[in-house]
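Only one structure is covered here, and it is reproduced in the block below.
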Amino acid sequence: MKDEIIAGLDLGTTKTVCLIAKSTNGTLLFTSGGNGVKQEDIVGTPETSSGPKRAFEIIGKGIVPSTGLHKGVVVDLEHTAESIRLAVSKASQQAQTKIKELYVNVAGDHIKIENSQGIIALERPDKQIIQEDVKEVIEQAKSIQVPTTRQIIHTIPLEFIVDEQSGIKVPDGMSGNRLKVNIYIITGAIVPCQNIYKSVNRAEFKVRDLILQPMASAYAVLEPDEQELGCVLIDIGGTVTDVAVFYEDKLRDTFAIPLGGIDITNDISIGLRTPRSEAERIKLNYAIACRDLADDEIIEILKLGGRGEQTIEKKLLASIIEPRLEEIFSLIYRKISRDVLQYAPTLLPAGVILTGATAKMPGIKNLAEYVLKMPVRIGIPNPISHNSQLTTVGVPHINYVRDNTSLQDPAYATSIGLITYALSQFTSGKTHTMGNPAHRNLCAGHLLTRVAERMKKWLLE
Ligand SMILES: Nc1ncnc2c1ncn2[C@@H]1O[C@H](COP(=O)(O)OP(=O)(O)OP(=O)(O)O)[C@@H](O)[C@H]1O
Ligand SMILES: [Mg+2]
């Protein structure tokens with residue numbers, strides 16, 4: 001693989017982040033000191049000892065406030081385009097490179113995941129499975145009726161079944177009478193997806209690929225054993241909490257709760273009768289997620305309408321925050337209990353990985369463990385993450401060349417994940433992303449050609 005420039009765009013409700021990365025072939029890159037990654041941490045692990053080693057450097061970073069999104073979806077094309085222009089231009093200046101195409105996240109409660117099956121008879125005399133058969137059976141599984149109001153974002157083949165033998169990952173070369181496939185299809189409502197393309201186009205860039213937000217975050221913060229064993233990724237952002245359930249190395253479920261950090265700020269503003277900007281300030285400086293963990297320290301806050309200051313105990317602040325976070329975690333717990341754990345109570349032993357900027361709030365891990373009844377860790381983009389989904393031939397590593405540690409922050413899980421995802425597509429030559437006709441109409445000829453090219457690559461896996 002030659003050096004590639006990859007640009008990721010995290011369209012968040014509160015911030016738009018553009019990261020530009022340079023992927024490098026050959027020797028693993030790492031920075032000594034700064035990000036704490038030592039050579040011993042990398043060399044000699046089972047993951048890195050197999051296959052060529054990949055690395056990438058973040059060479060440009062643009063972070064600007066978002067003004068055109070609500071609940072994870074674009075509600076104002078021009079404002080969103082302006083945020084995109086600014087973020088990409090900052091990142092491009094730092095990287096000293098011109099960007100044309102972006103890997104962009106898609107989020108919100110319009111996302112759905114469904115499973116589907118395909119089956120074909122193997123009719124050639126030798127009964128041996130070739131790539132054309134694999135292509136045909138996947139196409140058949142994908143041909144489930146996707147309404148014109150929705151578009152396919154990802155397709156994830158789960159297993160192939162040759163006659164009675166299930167659990168096959170690569171059926172090529174095997175022989176049998178019938179080939180079946182079980183597949184997950186992730187779709188999004190066409191309007192919010194279109195609005196992402198439109199905003200990016202308005203800013204005079206192109207969408208290279210649309211990636212489900214929790215899938216991107218997972219690429220940055222999950223470890224392979226977590227995905228293999230079973231875990232839940234929770235990305236608590238501004239106004240949406242995105243959830244993804246993984247087990248046996250695959251994304252198995254995804255949903256969104258339309259609540260996030262801004263709701264906490266609003267609760268503080270109303271509860272303490274203080275302006276929103278002041279509520280945000282005290283949240284960032286003094287918030288604690290559990291009342292029991294807060295001390296009696298007194299803090300000064302502004303009153304509404306410029307009527308001077310008041311003092312409150314940190315415990316009071318925590319007692320406003322706790323119920324909102326408890327509500328978010330309870331909604332998630334209810335959904336996971338109903339859809340996953342009631343059938344397989346031991347399915348998610350690796351527990352919960354909390355990410356998104358709200359995950360930085362002190363005490364949130366304790367509260368999440370209490371409500372979700374599972375072990376919880378905070379997911380920080382990891383420069384030596386050995387995410388098995390990344391690639392089948394090697395392990396990319398994040399190398400922060402500039403601004404060494406600042407991206408090792410839950411707020412950047414999605415943007416780092418977009419880069420890692422893109423790199424994995426280059427490295428393995430596979431893609432999960434294929435648009436439906438409505439999507440393709442939107443994206444002009446070049447995308448159509450590329451989708452076809454990628455599909456070919458993916459099928460050659
Ligand atoms: N240290 C912190 N403690 C608590 N909350 C924080 C902290 N830092 C940021 N936040 C909150 O995190 C929220 C923003 O999260 P994030 O940056 O992940 O959202 P986003 O990606 O812009 O939005 P979304 O993913 O929902 O579209 C804001 O409400 C902000 O107040
Ligand atoms: Mg986000």
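Numbering starts fresh at 1 for the residues of each chain in the structure tokens, the chains themselves are lettered A, B, ... in the order given, and ligands are numbered from 1 as they appear.
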Mind listing the residues within 8 Å of ligand 1, only C-alpha atoms and all ligand atoms counted, as an NGL selection string?
:A and (10-16 or 65-66 or 69-73 or 107-108 or 213 or 235-242 or 260-265 or 280 or 283-285 or 287 or 355-362 or 410-412 or 414)
Using only C-alpha atoms, determine which residues lie at most 6 Å from Ile59 (chain A), disregarding the query and same-chain residues fewer than 6 positions distant; provide the list as a compact mmCIF listing (two decimals) with N, CA and C atoms, in the first residue's frame.
```txt
# COMPACT_ATOMS: atom_id res chain seq x y z
N ILE A 20 -7.01 14.84 9.53
CA ILE A 20 -6.35 14.35 8.32
C ILE A 20 -5.19 13.47 8.75
N ALA A 21 -5.14 12.29 8.17
CA ALA A 21 -4.10 11.34 8.56
C ALA A 21 -3.31 10.92 7.34
N ALA A 95 -2.15 20.38 7.76
CA ALA A 95 -1.59 19.22 7.05
C ALA A 95 -0.87 19.64 5.77
```
Residues of region 210-426 of chain A in strand (DSSP E), written as a ChimeraX atom specification:
/A:210-212,231-236,241-247,250-257,298-302,309-313,352-355,376-378,396-399
Contacts of Ile130 (chain A) at 8 Å (only C-alpha atoms; same-chain gap of 2+ positions) as a ChimeraX atom specification
/A:128,132-134,172-173
Which residue out of A:Thr67, A:Asn105, A:Asn177, A:Ser319 has the minimum interatomic distance to ligand 2 when only C-alpha atoms and all ligand atoms are used?
A:Asn105
Calculated over only C-alpha atoms and all ligand atoms, which of the candidates A:Ser166, A:Ser415, A:Gln342, A:Asn266 has the smallest distance to ligand 2?
A:Ser415
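The two atoms in question, CA of Asn366 (chain A) and CA of Ala294 (chain A), are spaced 12.3 Å apart.
The smallest atom-to-atom distance between Ile111 (chain A) and any of A:Gln94, A:Ser337, A:Thr155, A:Thr254, using only C-alpha atoms, is found for A:Thr254.
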How far is it from CA of Lys250 (chain A) to CA of Ser175 (chain A), in Å with one decimal?
25.9 Å
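With only C-alpha atoms and all ligand atoms as the atoms that count, the minimum distance from ligand 2 to the choices A:Ile58, A:Ile153, A:Leu19, A:Val106 is reached by A:Val106.
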Exercise: region 268-278 of chain A partners within 8 Å, only C-alpha atoms, chain neighbours under 6 positions left out, as an MDAnalysis selection string
chainID A and resid 301:305 317 320:321
Save out the residues we just selected, C-alpha atoms, as a PDB file, in the first residue's frame.
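New file result-v8.pdb:
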```pdb
ATOM      1  CA  ILE A 301     -22.694  30.410  40.307  1.00  0.00           C
ATOM      2  CA  LEU A 302     -24.420  33.215  38.434  1.00  0.00           C
ATOM      3  CA  LYS A 303     -28.140  33.817  38.886  1.00  0.00           C
ATOM      4  CA  LEU A 304     -30.497  34.224  35.936  1.00  0.00           C
ATOM      5  CA  GLY A 305     -30.938  37.698  34.429  1.00  0.00           C
ATOM      6  CA  LEU A 317     -25.318  19.865  41.411  1.00  0.00           C
ATOM      7  CA  ILE A 320     -29.515  17.282  39.384  1.00  0.00           C
ATOM      8  CA  ILE A 321     -27.146  15.411  37.069  1.00  0.00           C
TER       9      ILE A 321
END
```
Show which residues sit within 10 Å of Ala216 (chain A), as a ChimeraX atom specification. Count only C-alpha atoms, and ignore same-chain residues fewer than 3 positions away.
/A:10,104-106,211-213,219-221,413-422
Distance of CA of Lys335 (chain A) from CA of Met215 (chain A), expressed in Å to one decimal place:
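CA of Met215 (chain A) sits 18.6 Å away from CA of Lys335 (chain A).
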